[in-house]
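coords_33.pdb follows (PDB, C-alpha atoms and all ligand atoms):
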```pdb
ATOM      1  CA  MET A 147     178.489 -64.270  43.372
ATOM      2  CA  THR A 148     180.666 -61.311  42.548
ATOM      3  CA  SER A 149     181.803 -58.891  45.189
ATOM      4  CA  PRO A 150     180.596 -55.290  44.889
ATOM      5  CA  ALA A 151     182.861 -52.987  42.863
ATOM      6  CA  SER A 152     185.170 -50.903  45.012
ATOM      7  CA  GLY A 153     185.457 -47.144  44.638
ATOM      8  CA  THR A 154     188.838 -47.666  42.985
ATOM      9  CA  ASP A 155     187.356 -50.065  40.408
ATOM     10  CA  ILE A 156     184.642 -47.555  39.531
ATOM     11  CA  ALA A 157     187.131 -44.683  39.239
ATOM     12  CA  THR A 158     189.403 -46.780  37.001
ATOM     13  CA  ALA A 159     186.511 -47.601  34.674
ATOM     14  CA  LEU A 160     185.402 -43.957  34.252
ATOM     15  CA  PRO A 161     186.317 -42.340  30.918
ATOM     16  CA  ASP A 162     189.069 -39.757  30.515
ATOM     17  CA  TYR A 163     188.317 -36.364  28.967
ATOM     18  CA  ALA A 164     190.280 -33.556  27.368
ATOM     19  CA  PRO A 165     192.160 -31.412  29.906
ATOM     20  CA  VAL A 166     190.376 -28.312  31.203
ATOM     21  CA  PRO A 167     191.831 -25.294  29.336
ATOM     22  CA  ARG A 168     193.652 -22.826  31.581
ATOM     23  CA  SER A 169     191.323 -20.094  30.328
ATOM     24  CA  ALA A 170     188.435 -21.854  32.094
ATOM     25  CA  VAL A 171     190.094 -21.949  35.507
ATOM     26  CA  GLY A 172     189.266 -19.351  38.161
ATOM     27  CA  PRO A 173     190.864 -18.344  41.452
ATOM     28  CA  ALA A 174     191.873 -20.952  44.058
ATOM     29  CA  LEU A 175     189.530 -21.618  46.972
ATOM     30  CA  ASN A 176     190.504 -21.009  50.601
ATOM     31  CA  ASP A 177     190.712 -23.717  53.295
ATOM     32  CA  GLN A 178     186.992 -23.448  53.952
ATOM     33  CA  GLY A 179     186.266 -24.190  50.303
ATOM     34  CA  TYR A 180     185.215 -20.811  48.956
ATOM     35  CA  TYR A 181     186.586 -17.750  47.200
ATOM     36  CA  VAL A 182     185.142 -14.272  47.581
ATOM     37  CA  GLY A 183     186.272 -11.477  45.295
ATOM     38  CA  ARG A 184     185.357  -7.979  44.265
ATOM     39  CA  VAL A 185     183.389  -7.583  41.041
ATOM     40  CA  GLU A 186     183.477  -3.784  41.188
ATOM     41  CA  ARG A 187     183.439  -1.402  44.176
ATOM     42  CA  ASN A 188     181.004  -2.822  46.760
ATOM     43  CA  LEU A 189     179.695  -5.682  44.570
ATOM     44  CA  TYR A 190     181.279  -9.078  45.365
ATOM     45  CA  TRP A 191     180.976 -12.642  44.088
ATOM     46  CA  VAL A 192     181.407 -15.921  45.952
ATOM     47  CA  THR A 193     182.174 -19.335  44.485
ATOM     48  CA  ASP A 194     182.838 -22.892  45.633
ATOM     49  CA  GLY A 195     184.405 -23.681  42.245
ATOM     50  CA  SER A 196     181.113 -24.831  40.765
ATOM     51  CA  TYR A 197     178.386 -22.402  41.874
ATOM     52  CA  GLN A 198     178.395 -18.609  42.187
ATOM     53  CA  SER A 199     176.391 -16.069  44.144
ATOM     54  CA  ALA A 200     176.888 -12.341  44.641
ATOM     55  CA  PHE A 201     176.299  -9.631  47.206
ATOM     56  CA  LEU A 202     176.298  -5.867  47.550
ATOM     57  CA  THR A 203     177.319  -4.172  50.775
ATOM     58  CA  THR A 204     175.179  -1.063  51.325
ATOM     59  CA  LYS A 205     174.304   1.525  53.970
ATOM     60  CA  ASP A 206     171.159  -0.523  54.663
ATOM     61  CA  GLY A 207     172.901  -3.873  55.031
ATOM     62  CA  VAL A 208     173.888  -6.584  52.591
ATOM     63  CA  VAL A 209     171.832  -7.491  49.511
ATOM     64  CA  LEU A 210     172.394 -11.129  48.589
ATOM     65  CA  PHE A 211     171.802 -12.480  45.083
ATOM     66  CA  ASP A 212     171.064 -16.226  45.227
ATOM     67  CA  ALA A 213     172.070 -18.646  47.963
ATOM     68  CA  PRO A 214     173.338 -21.876  46.385
ATOM     69  CA  PRO A 215     173.269 -24.688  48.966
ATOM     70  CA  SER A 216     176.658 -25.999  47.802
ATOM     71  CA  ILE A 217     178.221 -22.711  48.985
ATOM     72  CA  GLY A 218     175.814 -22.710  51.956
ATOM     73  CA  GLY A 219     177.360 -21.467  55.202
ATOM     74  CA  ASN A 220     180.334 -20.098  53.272
ATOM     75  CA  ILE A 221     178.063 -17.325  51.942
ATOM     76  CA  ARG A 222     177.777 -16.079  55.542
ATOM     77  CA  ARG A 223     181.561 -16.433  56.018
ATOM     78  CA  ALA A 224     182.261 -14.538  52.787
ATOM     79  CA  VAL A 225     179.906 -11.711  53.765
ATOM     80  CA  ASP A 226     181.462 -11.519  57.241
ATOM     81  CA  GLU A 227     184.976 -11.506  55.772
ATOM     82  CA  ILE A 228     184.237  -8.609  53.409
ATOM     83  CA  ALA A 229     182.146  -6.643  55.919
ATOM     84  CA  SER A 230     184.832  -6.782  58.598
ATOM     85  CA  ALA A 231     187.616  -5.931  56.128
ATOM     86  CA  ASN A 232     185.694  -2.841  54.994
ATOM     87  CA  GLY A 233     184.070  -1.857  58.289
ATOM     88  CA  VAL A 234     180.512  -2.144  56.929
ATOM     89  CA  SER A 235     177.405  -3.962  58.149
ATOM     90  CA  ASN A 236     177.298  -7.729  57.656
ATOM     91  CA  LYS A 237     173.540  -7.910  58.222
ATOM     92  CA  VAL A 238     171.837  -9.511  55.217
ATOM     93  CA  THR A 239     168.684  -7.438  54.761
ATOM     94  CA  TYR A 240     167.578  -8.478  51.258
ATOM     95  CA  LEU A 241     167.828 -11.657  49.205
ATOM     96  CA  VAL A 242     167.089 -11.574  45.471
ATOM     97  CA  TYR A 243     166.273 -14.869  43.748
ATOM     98  CA  SER A 244     167.502 -15.242  40.141
ATOM     99  CA  HIS A 245     164.975 -18.075  39.600
ATOM    100  CA  HIS A 246     163.222 -20.714  41.676
ATOM    101  CA  HIS A 247     165.682 -23.649  41.305
ATOM    102  CA  ALA A 248     166.897 -25.289  44.528
ATOM    103  CA  ASP A 249     170.510 -25.501  43.407
ATOM    104  CA  HIS A 250     170.740 -21.668  43.344
ATOM    105  CA  GLY A 251     168.328 -20.791  46.172
ATOM    106  CA  GLY A 252     168.433 -23.754  48.552
ATOM    107  CA  ALA A 253     170.456 -21.970  51.240
ATOM    108  CA  SER A 254     167.918 -19.132  51.442
ATOM    109  CA  SER A 255     166.559 -20.339  54.780
ATOM    110  CA  LEU A 256     170.011 -19.950  56.382
ATOM    111  CA  PHE A 257     169.258 -16.234  56.430
ATOM    112  CA  ASP A 258     166.995 -15.120  59.196
ATOM    113  CA  LYS A 259     163.341 -14.339  58.969
ATOM    114  CA  ASN A 260     163.997 -10.601  58.928
ATOM    115  CA  VAL A 261     165.470 -10.766  55.446
ATOM    116  CA  ILE A 262     163.214  -9.411  52.694
ATOM    117  CA  ARG A 263     163.116 -11.788  49.735
ATOM    118  CA  ILE A 264     162.580 -10.385  46.249
ATOM    119  CA  GLY A 265     161.863 -12.299  43.044
ATOM    120  CA  HIS A 266     159.775 -12.578  39.933
ATOM    121  CA  GLU A 267     156.051 -13.265  40.466
ATOM    122  CA  GLU A 268     156.486 -16.636  38.740
ATOM    123  CA  THR A 269     159.315 -17.471  41.173
ATOM    124  CA  ARG A 270     156.870 -16.851  44.006
ATOM    125  CA  ARG A 271     154.192 -19.012  42.375
ATOM    126  CA  LEU A 272     156.625 -21.888  41.766
ATOM    127  CA  LEU A 273     158.146 -21.720  45.253
ATOM    128  CA  LEU A 274     154.694 -21.722  46.860
ATOM    129  CA  ARG A 275     153.849 -24.732  44.688
ATOM    130  CA  ASP A 276     157.063 -26.609  45.511
ATOM    131  CA  ASN A 277     156.755 -25.798  49.223
ATOM    132  CA  ASP A 278     160.428 -26.352  50.101
ATOM    133  CA  PRO A 279     161.235 -24.936  53.564
ATOM    134  CA  ALA A 280     164.799 -24.241  52.355
ATOM    135  CA  ARG A 281     163.451 -21.670  49.854
ATOM    136  CA  PRO A 282     160.803 -19.368  51.316
ATOM    137  CA  ALA A 283     158.821 -17.661  48.542
ATOM    138  CA  PRO A 284     159.681 -14.006  47.909
ATOM    139  CA  GLU A 285     157.329 -11.551  49.616
ATOM    140  CA  GLU A 286     158.191  -8.808  47.146
ATOM    141  CA  THR A 287     157.597  -9.601  43.495
ATOM    142  CA  PHE A 288     157.479  -7.921  40.107
ATOM    143  CA  ALA A 289     156.096  -8.756  36.663
ATOM    144  CA  ASP A 290     158.362  -7.277  33.960
ATOM    145  CA  ARG A 291     160.757  -4.805  35.492
ATOM    146  CA  ARG A 292     161.666  -3.459  38.852
ATOM    147  CA  THR A 293     164.340  -1.011  40.002
ATOM    148  CA  LEU A 294     165.641  -1.616  43.503
ATOM    149  CA  LYS A 295     167.171   1.295  45.370
ATOM    150  CA  ILE A 296     168.725  -0.055  48.522
ATOM    151  CA  GLY A 297     171.145   1.925  50.690
ATOM    152  CA  GLY A 298     171.957   4.253  47.797
ATOM    153  CA  GLU A 299     172.635   1.399  45.339
ATOM    154  CA  ARG A 300     170.703   0.735  42.150
ATOM    155  CA  ILE A 301     169.780  -2.741  40.869
ATOM    156  CA  GLU A 302     167.650  -3.273  37.756
ATOM    157  CA  LEU A 303     165.636  -6.493  37.640
ATOM    158  CA  ALA A 304     163.968  -7.598  34.406
ATOM    159  CA  TRP A 305     162.012 -10.594  33.201
ATOM    160  CA  ARG A 306     162.313 -10.988  29.431
ATOM    161  CA  GLY A 307     160.442 -14.246  28.856
ATOM    162  CA  PRO A 308     161.126 -17.883  29.725
ATOM    163  CA  ASN A 309     164.554 -19.368  28.955
ATOM    164  CA  HIS A 310     166.420 -21.760  31.275
ATOM    165  CA  SER A 311     163.350 -21.675  33.538
ATOM    166  CA  PRO A 312     160.027 -19.840  33.195
ATOM    167  CA  ASP A 313     161.053 -17.284  35.842
ATOM    168  CA  ASN A 314     164.760 -16.602  35.187
ATOM    169  CA  ILE A 315     165.578 -12.867  35.441
ATOM    170  CA  TYR A 316     168.278 -10.417  34.349
ATOM    171  CA  ILE A 317     169.945  -8.645  37.271
ATOM    172  CA  HIS A 318     171.757  -5.536  36.059
ATOM    173  CA  PHE A 319     174.055  -3.448  38.229
ATOM    174  CA  PRO A 320     174.323  -0.240  36.148
ATOM    175  CA  ASP A 321     176.666   1.444  38.626
ATOM    176  CA  HIS A 322     178.926  -1.636  38.895
ATOM    177  CA  ASP A 323     179.246  -2.457  35.194
ATOM    178  CA  ALA A 324     177.921  -5.956  35.868
ATOM    179  CA  LEU A 325     175.178  -8.325  34.774
ATOM    180  CA  MET A 326     174.006 -11.423  36.617
ATOM    181  CA  LEU A 327     172.157 -13.978  34.504
ATOM    182  CA  ILE A 328     172.122 -17.508  35.854
ATOM    183  CA  ASP A 329     172.265 -20.861  34.055
ATOM    184  CA  ILE A 330     172.589 -19.532  30.496
ATOM    185  CA  VAL A 331     176.328 -19.026  29.861
ATOM    186  CA  ASN A 332     178.923 -20.928  31.937
ATOM    187  CA  SER A 333     181.936 -18.692  31.337
ATOM    188  CA  GLY A 334     184.719 -20.761  29.765
ATOM    189  CA  TRP A 335     182.694 -23.983  29.915
ATOM    190  CA  ALA A 336     180.143 -25.843  27.816
ATOM    191  CA  PRO A 337     176.581 -25.926  29.155
ATOM    192  CA  ILE A 338     175.820 -29.040  31.253
ATOM    193  CA  SER A 339     173.128 -31.589  30.275
ATOM    194  CA  ILE A 340     170.505 -30.481  27.752
ATOM    195  CA  CYS A 341     171.478 -26.776  27.557
ATOM    196  CA  ASN A 342     172.008 -26.356  31.300
ATOM    197  CA  LEU A 343     168.778 -28.298  31.943
ATOM    198  CA  SER A 344     166.753 -25.636  30.162
ATOM    199  CA  GLU A 345     163.015 -25.735  29.625
ATOM    200  CA  ASP A 346     162.571 -23.253  26.774
ATOM    201  CA  ILE A 347     165.260 -23.640  24.113
ATOM    202  CA  PRO A 348     164.248 -20.772  21.787
ATOM    203  CA  GLY A 349     164.287 -18.563  24.920
ATOM    204  CA  TYR A 350     167.607 -20.042  26.064
ATOM    205  CA  VAL A 351     169.201 -19.416  22.656
ATOM    206  CA  ALA A 352     167.898 -15.823  22.539
ATOM    207  CA  ALA A 353     169.022 -14.887  26.065
ATOM    208  CA  PRO A 354     172.723 -14.078  25.378
ATOM    209  CA  ALA A 355     171.778 -11.370  22.840
ATOM    210  CA  ILE A 356     169.458  -9.800  25.420
ATOM    211  CA  ALA A 357     172.316  -9.954  27.937
ATOM    212  CA  LEU A 358     174.695  -8.257  25.495
ATOM    213  CA  ASP A 359     172.162  -5.437  24.943
ATOM    214  CA  TYR A 360     172.896  -4.245  28.468
ATOM    215  CA  PRO A 361     176.055  -2.220  29.113
ATOM    216  CA  TRP A 362     178.403  -4.222  31.381
ATOM    217  CA  LYS A 363     181.918  -5.537  31.689
ATOM    218  CA  HIS A 364     181.582  -8.252  34.370
ATOM    219  CA  PHE A 365     179.330 -11.275  33.905
ATOM    220  CA  ILE A 366     178.066 -13.383  36.827
ATOM    221  CA  GLY A 367     176.700 -16.557  35.237
ATOM    222  CA  GLY A 368     176.154 -18.710  38.338
ATOM    223  CA  HIS A 369     178.802 -21.289  37.258
ATOM    224  CA  VAL A 370     181.704 -22.402  37.190
ATOM    225  CA  THR A 371     185.016 -21.103  38.640
ATOM    226  CA  ARG A 372     185.417 -17.564  37.338
ATOM    227  CA  LEU A 373     183.540 -14.427  36.328
ATOM    228  CA  GLY A 374     182.793 -13.875  32.651
ATOM    229  CA  THR A 375     183.393 -11.238  30.031
ATOM    230  CA  ARG A 376     181.477 -10.117  26.962
ATOM    231  CA  ASP A 377     183.789 -12.393  24.937
ATOM    232  CA  ASP A 378     182.626 -15.396  26.979
ATOM    233  CA  VAL A 379     179.011 -14.627  26.114
ATOM    234  CA  THR A 380     179.890 -14.165  22.426
ATOM    235  CA  LEU A 381     181.818 -17.460  22.377
ATOM    236  CA  HIS A 382     178.819 -19.252  23.902
ATOM    237  CA  GLN A 383     176.586 -17.697  21.225
ATOM    238  CA  GLN A 384     178.926 -18.978  18.530
ATOM    239  CA  TYR A 385     178.905 -22.453  20.092
ATOM    240  CA  MET A 386     175.103 -22.526  20.118
ATOM    241  CA  ALA A 387     174.957 -21.196  16.523
ATOM    242  CA  ASP A 388     177.355 -23.940  15.414
ATOM    243  CA  ILE A 389     175.190 -26.546  17.156
ATOM    244  CA  ASP A 390     172.112 -25.149  15.403
ATOM    245  CA  ALA A 391     173.739 -25.293  11.963
ATOM    246  CA  SER A 392     175.178 -28.758  12.549
ATOM    247  CA  VAL A 393     171.857 -30.154  13.808
ATOM    248  CA  ARG A 394     169.961 -28.806  10.796
ATOM    249  CA  LYS A 395     172.501 -30.502   8.527
ATOM    250  CA  ALA A 396     172.208 -33.809  10.415
ATOM    251  CA  LEU A 397     168.403 -33.766  10.341
ATOM    252  CA  VAL A 398     168.308 -33.665   6.549
ATOM    253  CA  SER A 399     171.338 -35.860   5.841
ATOM    254  CA  VAL A 400     170.623 -38.943   8.012
ATOM    255  CA  ASP A 401     167.980 -41.038   6.194
ATOM    256  CA  PRO A 402     165.366 -42.482   8.619
ATOM    257  CA  THR A 403     164.335 -45.324   6.239
ATOM    258  CA  PRO A 404     166.807 -48.037   7.366
ATOM    259  CA  PHE A 405     165.924 -47.469  11.033
ATOM    260  CA  PHE A 406     162.264 -48.233  10.349
ATOM    261  CA  GLN A 407     163.169 -51.172   8.090
ATOM    262  CA  LYS A 408     165.208 -52.803  10.831
ATOM    263  CA  TYR A 409     162.701 -52.102  13.644
ATOM    264  CA  TRP A 410     159.519 -52.406  11.511
ATOM    265  CA  ASP A 411     157.455 -53.738  14.455
ATOM    266  CA  ASN A 412     159.000 -51.539  17.181
ATOM    267  CA  PRO A 413     158.720 -47.837  16.310
ATOM    268  CA  TRP A 414     160.303 -46.758  19.613
ATOM    269  CA  ALA A 415     163.453 -48.774  18.828
ATOM    270  CA  ALA A 416     163.584 -47.063  15.430
ATOM    271  CA  VAL A 417     163.080 -43.597  16.913
ATOM    272  CA  SER A 418     165.678 -44.194  19.622
ATOM    273  CA  ALA A 419     168.315 -45.321  17.098
ATOM    274  CA  LEU A 420     167.448 -42.457  14.745
ATOM    275  CA  PHE A 421     167.697 -39.846  17.541
ATOM    276  CA  ASP A 422     171.112 -41.299  18.422
ATOM    277  CA  ALA A 423     172.260 -41.116  14.804
ATOM    278  CA  TRP A 424     171.050 -37.509  14.382
ATOM    279  CA  THR A 425     172.664 -36.524  17.681
ATOM    280  CA  ASP A 426     176.001 -38.165  16.851
ATOM    281  CA  ALA A 427     176.097 -36.556  13.386
ATOM    282  CA  GLY A 428     175.178 -33.146  14.814
ATOM    283  CA  ALA A 429     177.614 -33.312  17.729
ATOM    284  CA  ALA A 430     180.788 -34.606  16.030
ATOM    285  CA  PRO A 431     181.948 -31.400  14.252
ATOM    286  CA  VAL A 432     181.045 -29.214  17.254
ATOM    287  CA  ILE A 433     182.986 -31.407  19.693
ATOM    288  CA  GLU A 434     185.968 -31.272  17.373
ATOM    289  CA  LYS A 435     185.829 -27.480  17.027
ATOM    290  CA  TYR A 436     185.337 -26.655  20.728
ATOM    291  CA  THR A 437     187.526 -29.237  22.508
ATOM    292  CA  GLY A 438     190.284 -27.186  24.127
ATOM    293  CA  VAL A 439     188.256 -23.997  23.602
ATOM    294  CA  LEU A 440     185.316 -24.540  25.974
ATOM    295  CA  ALA A 441     186.009 -26.796  28.960
ATOM    296  CA  ALA A 442     184.005 -30.052  28.925
ATOM    297  CA  ALA A 443     182.895 -29.611  25.291
ATOM    298  CA  ASP A 444     183.745 -33.311  24.908
ATOM    299  CA  VAL A 445     181.736 -34.186  28.038
ATOM    300  CA  TYR A 446     178.497 -32.364  27.369
ATOM    301  CA  THR A 447     178.081 -31.266  23.748
ATOM    302  CA  ARG A 448     176.221 -34.441  22.766
ATOM    303  CA  SER A 449     173.556 -33.878  25.414
ATOM    304  CA  THR A 450     173.031 -30.249  24.408
ATOM    305  CA  VAL A 451     172.923 -31.195  20.714
ATOM    306  CA  PHE A 452     170.146 -33.689  21.455
ATOM    307  CA  TRP A 453     168.045 -31.043  23.216
ATOM    308  CA  VAL A 454     168.623 -28.349  20.564
ATOM    309  CA  MET A 455     167.723 -30.944  17.906
ATOM    310  CA  GLU A 456     164.408 -31.690  19.618
ATOM    311  CA  SER A 457     163.644 -27.965  19.859
ATOM    312  CA  ILE A 458     164.502 -27.407  16.188
ATOM    313  CA  ARG A 459     162.168 -30.283  15.271
ATOM    314  CA  LEU A 460     159.338 -29.634  17.736
ATOM    315  CA  ASP A 461     159.380 -25.895  18.436
ATOM    316  CA  LEU A 462     160.477 -24.733  14.995
ATOM    317  CA  GLY A 463     159.018 -27.581  12.889
ATOM    318  CA  TYR A 464     162.241 -27.907  10.905
ATOM    319  CA  ALA A 465     162.438 -31.016   8.647
ATOM    320  CA  SER A 466     158.874 -31.915   9.634
ATOM    321  CA  TYR A 467     157.366 -34.471   7.280
ATOM    322  CA  VAL A 468     153.675 -34.351   6.401
ATOM    323  CA  HIS A 469     152.358 -37.635   5.091
ATOM    324  CA  PRO A 470     150.803 -37.057   1.660
TER     325      PRO A 470
HETATM  326 ZN    ZN B   1     168.446 -23.334  37.260
END
```
Written as C-alpha cells, that's how I'd like the structure from this file.
Amino acid sequence: MTSPASGTDIATALPDYAPVPRSAVGPALNDQGYYVGRVERNLYWVTDGSYQSAFLTTKDGVVLFDAPPSIGGNIRRAVDEIASANGVSNKVTYLVYSHHHADHGGASSLFDKNVIRIGHEETRRLLLRDNDPARPAPEETFADRRTLKIGGERIELAWRGPNHSPDNIYIHFPDHDALMLIDIVNSGWAPISICNLSEDIPGYVAAPAIALDYPWKHFIGGHVTRLGTRDDVTLHQQYMADIDASVRKALVSVDPTPFFQKYWDNPWAAVSALFDAWTDAGAAPVIEKYTGVLAAADVYTRSTVFWVMESIRLDLGYASYVHP
C-alpha cells in the first residue's frame, strides 16, 4: 500500500509555466481580498483578482452589473466603501445580468428581494430552467436592445447573437466611455479552456469586432486582474486570427492515413490521436508567438486551438472530405 500523496508532493509535481507578464497584472487587493476602483465618474469596477463586476451609483440607488460569487460579500463592501466616501446611497436597486452563468451571477441572491433584476429574455428562460436559488431570474427582460435610464444615467443593453453563451449581452455606458462584455476578451490574458468555455465559436470570434464598433475607452471583460483597453481587444483578435490561420494549416498538412492504419479496428483511437496531432500542430506556433505577450498563453492555447479547430471543421466545413 502506498500512502496518499501530500499537498506538497502534488504541488512539486505540477508543471511550471512562463512568468505572468507585468502588463497583465492589475491593482493589488485589500485585506478583505478585493479591489474597487473608478472606471469613469460614478461607474466603478470590483475585482477579486480573477472575476470582475461593476456598479453605477445614481440618484435612485446603485445599479449592479453581475454578482460573481467569488467576489460575493465583497461586492456589498465595495459598494458601501464607495457610497460612504462619496456621500451617496448604497442601496442596490437594480441588478443587470450579463448572461446566465453561475460564476458571474451566483451572488445575486445576496441582494434583497427589493432589487429589480434585468437581463436578456434568454437569460430569464435559462435561469428559470436551471432553477438555482442563488440566481433569481430577471423580472425585466428585453429581446434585442434596451436603453435603461436610471437616476439620470444611461445604459445601453444589446443582444447581438449567441457567442460565449446564447444570452451574453453588450452593456454600453455611453456617458462613461465604457463597455462591459463578459467572457470574450480577458484583458492581458489568454482565454481559459476552449475559448473561455464558449458555446458558439463563430459568434465568439465575431464578438470583439462588434465590441470595437461601440465608442469606448474602458473595457470591463469580467476577468482577470485589470480593466482593458481597445488595444487589449485588438490583441485578442490577432491571437484568435493567428489560431484560425494555424489551425487551417494543420488540418491540411497532417495526413490522417497513418492514424487509421495503426488503429484500423478502433476508429475512436484513430480520431483521438489525429485530433491531438492537429491540435499540437495548430497550437505550437501560436504558443511560441504569444508566450510573454498574453499571460497563460502556454497554459491554455492548446485547449482553445482544439475548440477553434472543431468549429472550423464542423461549423465551417473546412477540409471536409466527401467520400467519392
Ligand atoms: Zn460565462
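Residues within 10 Å of A:Gly195, counting only C-alpha atoms and excluding same-chain residues fewer than 4 positions away, are Val171, Gly172, Pro173, Ala174, Leu175, Gly179, Tyr180, Tyr181, Ser216, Ile217, His369, Val370, Thr371 and Arg372 of chain A.
Of the residues under consideration (A:Gly368, A:Gly183, A:Gly265, A:Pro431), A:Gly368 shows the shortest atom-to-atom contact distance to ligand ZN 1 (chain B) when counting only C-alpha atoms and all ligand atoms.
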Residues in the PyMOL selection byres (((chain A and resi 447) around 10) and not hetatm), expressed as an NGL selection string: :A and (336-341 or 385-386 or 389 or 425-426 or 428-430 or 432-433 or 436-437 or 442-446 or 448-452)
Would you mind listing what lies within 6 Å of A:His310 as a ChimeraX atom specification, with only C-alpha atoms counted and same-chain residues fewer than 2 positions away left out? /A:344-345,350
For the residues selected in the previous step, produce a file with C-alpha atoms as an mmCIF file, in the coordinates of the input.
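See result31.cif below for the written result:
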```
data_model
loop_
_atom_site.group_PDB
_atom_site.id
_atom_site.type_symbol
_atom_site.label_atom_id
_atom_site.label_comp_id
_atom_site.auth_asym_id
_atom_site.auth_seq_id
_atom_site.Cartn_x
_atom_site.Cartn_y
_atom_site.Cartn_z
ATOM 1 C CA SER A 344 166.753 -25.636 30.162
ATOM 2 C CA GLU A 345 163.015 -25.735 29.625
ATOM 3 C CA TYR A 350 167.607 -20.042 26.064
#
```
All residues having an atom within 8 Å of ligand ZN 1 (chain B) (all atoms listed in the file) as number ranges by chain: A: 245-250, 310-311, 314, 328-329, 342-344
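For the residues A:Ile347, A:Ala416, A:Ile156, A:Ala324, ranking by smallest atom-to-atom distance to A:Leu462 using only C-alpha atoms places A:Ile347 first.
The environment of stretch 286-301 of chain A within 8 Å, counting all atoms listed in the file and disregarding residues fewer than 4 places along the same chain, consists of Thr204, Lys205, Asp206, Gly207, Ile262, Arg263, Ile264, Gly265, His266, Glu267, Arg270, Trp305, Arg306, Ile317, His318, Phe319, Pro320 and Asp321 of chain A.
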Mind writing the picked residues with C-alpha atoms as a PDB file, keeping the file's coordinate frame?
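Saved result, selection05.pdb, follows:
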```
ATOM      1  CA  THR A 204     175.179  -1.063  51.325  1.00  0.00           C
ATOM      2  CA  LYS A 205     174.304   1.525  53.970  1.00  0.00           C
ATOM      3  CA  ASP A 206     171.159  -0.523  54.663  1.00  0.00           C
ATOM      4  CA  GLY A 207     172.901  -3.873  55.031  1.00  0.00           C
ATOM      5  CA  ILE A 262     163.214  -9.411  52.694  1.00  0.00           C
ATOM      6  CA  ARG A 263     163.116 -11.788  49.735  1.00  0.00           C
ATOM      7  CA  ILE A 264     162.580 -10.385  46.249  1.00  0.00           C
ATOM      8  CA  GLY A 265     161.863 -12.299  43.044  1.00  0.00           C
ATOM      9  CA  HIS A 266     159.775 -12.578  39.933  1.00  0.00           C
ATOM     10  CA  GLU A 267     156.051 -13.265  40.466  1.00  0.00           C
ATOM     11  CA  ARG A 270     156.870 -16.851  44.006  1.00  0.00           C
ATOM     12  CA  TRP A 305     162.012 -10.594  33.201  1.00  0.00           C
ATOM     13  CA  ARG A 306     162.313 -10.988  29.431  1.00  0.00           C
ATOM     14  CA  ILE A 317     169.945  -8.645  37.271  1.00  0.00           C
ATOM     15  CA  HIS A 318     171.757  -5.536  36.059  1.00  0.00           C
ATOM     16  CA  PHE A 319     174.055  -3.448  38.229  1.00  0.00           C
ATOM     17  CA  PRO A 320     174.323  -0.240  36.148  1.00  0.00           C
ATOM     18  CA  ASP A 321     176.666   1.444  38.626  1.00  0.00           C
TER      19      ASP A 321
END
```
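Across the model, the gap from atom CA of A:Pro308 to atom CA of A:Asp346 is 6.3 Å.
Within the 9 Å cut-off around stretch 234-239 of chain A, using all atoms listed in the file and omitting residues fewer than 5 positions from it on the same chain, the listed residues are A:Thr203, A:Thr204, A:Lys205, A:Asp206, A:Gly207, A:Val208, A:Val209, A:Leu210, A:Arg222, A:Val225, A:Asp226, A:Glu227, A:Ile228, A:Ala229, A:Phe257, A:Asp258, A:Asn260, A:Val261, A:Ile262, A:Arg263.
You will find atom CA of A:Asp212 at 18.9 Å from atom CA of A:Asp323.
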Once the PyMOL selection byres (((chain A and resi 191) around 10) and not hetatm) is applied to the coordinates I shared, what remains selected? I want it as number ranges by chain. A: 181-186, 189-190, 192-193, 198-202, 210-211, 221, 224-225, 366, 368, 372-373
Could you tell me which residues the PyMOL selection byres (((chain A and resi 376-379) around 12) and not hetatm) returns for this structure, as a CSV table (one decimal) with C-alpha atoms, in the coordinates of the input?
```csv
chain,number,residue,atom,x,y,z
A,169,SER,CA,191.3,-20.1,30.3
A,170,ALA,CA,188.4,-21.9,32.1
A,323,ASP,CA,179.2,-2.5,35.2
A,324,ALA,CA,177.9,-6.0,35.9
A,325,LEU,CA,175.2,-8.3,34.8
A,327,LEU,CA,172.2,-14.0,34.5
A,330,ILE,CA,172.6,-19.5,30.5
A,331,VAL,CA,176.3,-19.0,29.9
A,332,ASN,CA,178.9,-20.9,31.9
A,333,SER,CA,181.9,-18.7,31.3
A,334,GLY,CA,184.7,-20.8,29.8
A,335,TRP,CA,182.7,-24.0,29.9
A,336,ALA,CA,180.1,-25.8,27.8
A,337,PRO,CA,176.6,-25.9,29.2
A,351,VAL,CA,169.2,-19.4,22.7
A,352,ALA,CA,167.9,-15.8,22.5
A,353,ALA,CA,169.0,-14.9,26.1
A,354,PRO,CA,172.7,-14.1,25.4
A,355,ALA,CA,171.8,-11.4,22.8
A,356,ILE,CA,169.5,-9.8,25.4
A,357,ALA,CA,172.3,-10.0,27.9
A,358,LEU,CA,174.7,-8.3,25.5
A,359,ASP,CA,172.2,-5.4,24.9
A,360,TYR,CA,172.9,-4.2,28.5
A,361,PRO,CA,176.1,-2.2,29.1
A,362,TRP,CA,178.4,-4.2,31.4
A,363,LYS,CA,181.9,-5.5,31.7
A,364,HIS,CA,181.6,-8.3,34.4
A,365,PHE,CA,179.3,-11.3,33.9
A,366,ILE,CA,178.1,-13.4,36.8
A,367,GLY,CA,176.7,-16.6,35.2
A,372,ARG,CA,185.4,-17.6,37.3
A,373,LEU,CA,183.5,-14.4,36.3
A,374,GLY,CA,182.8,-13.9,32.7
A,375,THR,CA,183.4,-11.2,30.0
A,380,THR,CA,179.9,-14.2,22.4
A,381,LEU,CA,181.8,-17.5,22.4
A,382,HIS,CA,178.8,-19.3,23.9
A,383,GLN,CA,176.6,-17.7,21.2
A,384,GLN,CA,178.9,-19.0,18.5
A,385,TYR,CA,178.9,-22.5,20.1
A,386,MET,CA,175.1,-22.5,20.1
A,439,VAL,CA,188.3,-24.0,23.6
A,440,LEU,CA,185.3,-24.5,26.0
```
Separation of atom CA of A:Pro413 and atom CA of A:Arg394, in Å? 22.8 Å
Which centre and edge lengths in Å to one decimal define the box along x, y and z that fits every listed atom of stretch 285-303 of chain A plus 5 Å per side, as lines of an AutoDock Vina configuration file?
```
center_x = 164.4
center_y = -3.6
center_z = 42.3
size_x = 26.5
size_y = 25.8
size_z = 26.7
```
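For the residues A:Tyr240, A:Pro470, A:Ala419, A:Pro282, ranking by smallest atom-to-atom distance to A:Val400 using all atoms listed in the file places A:Ala419 first.
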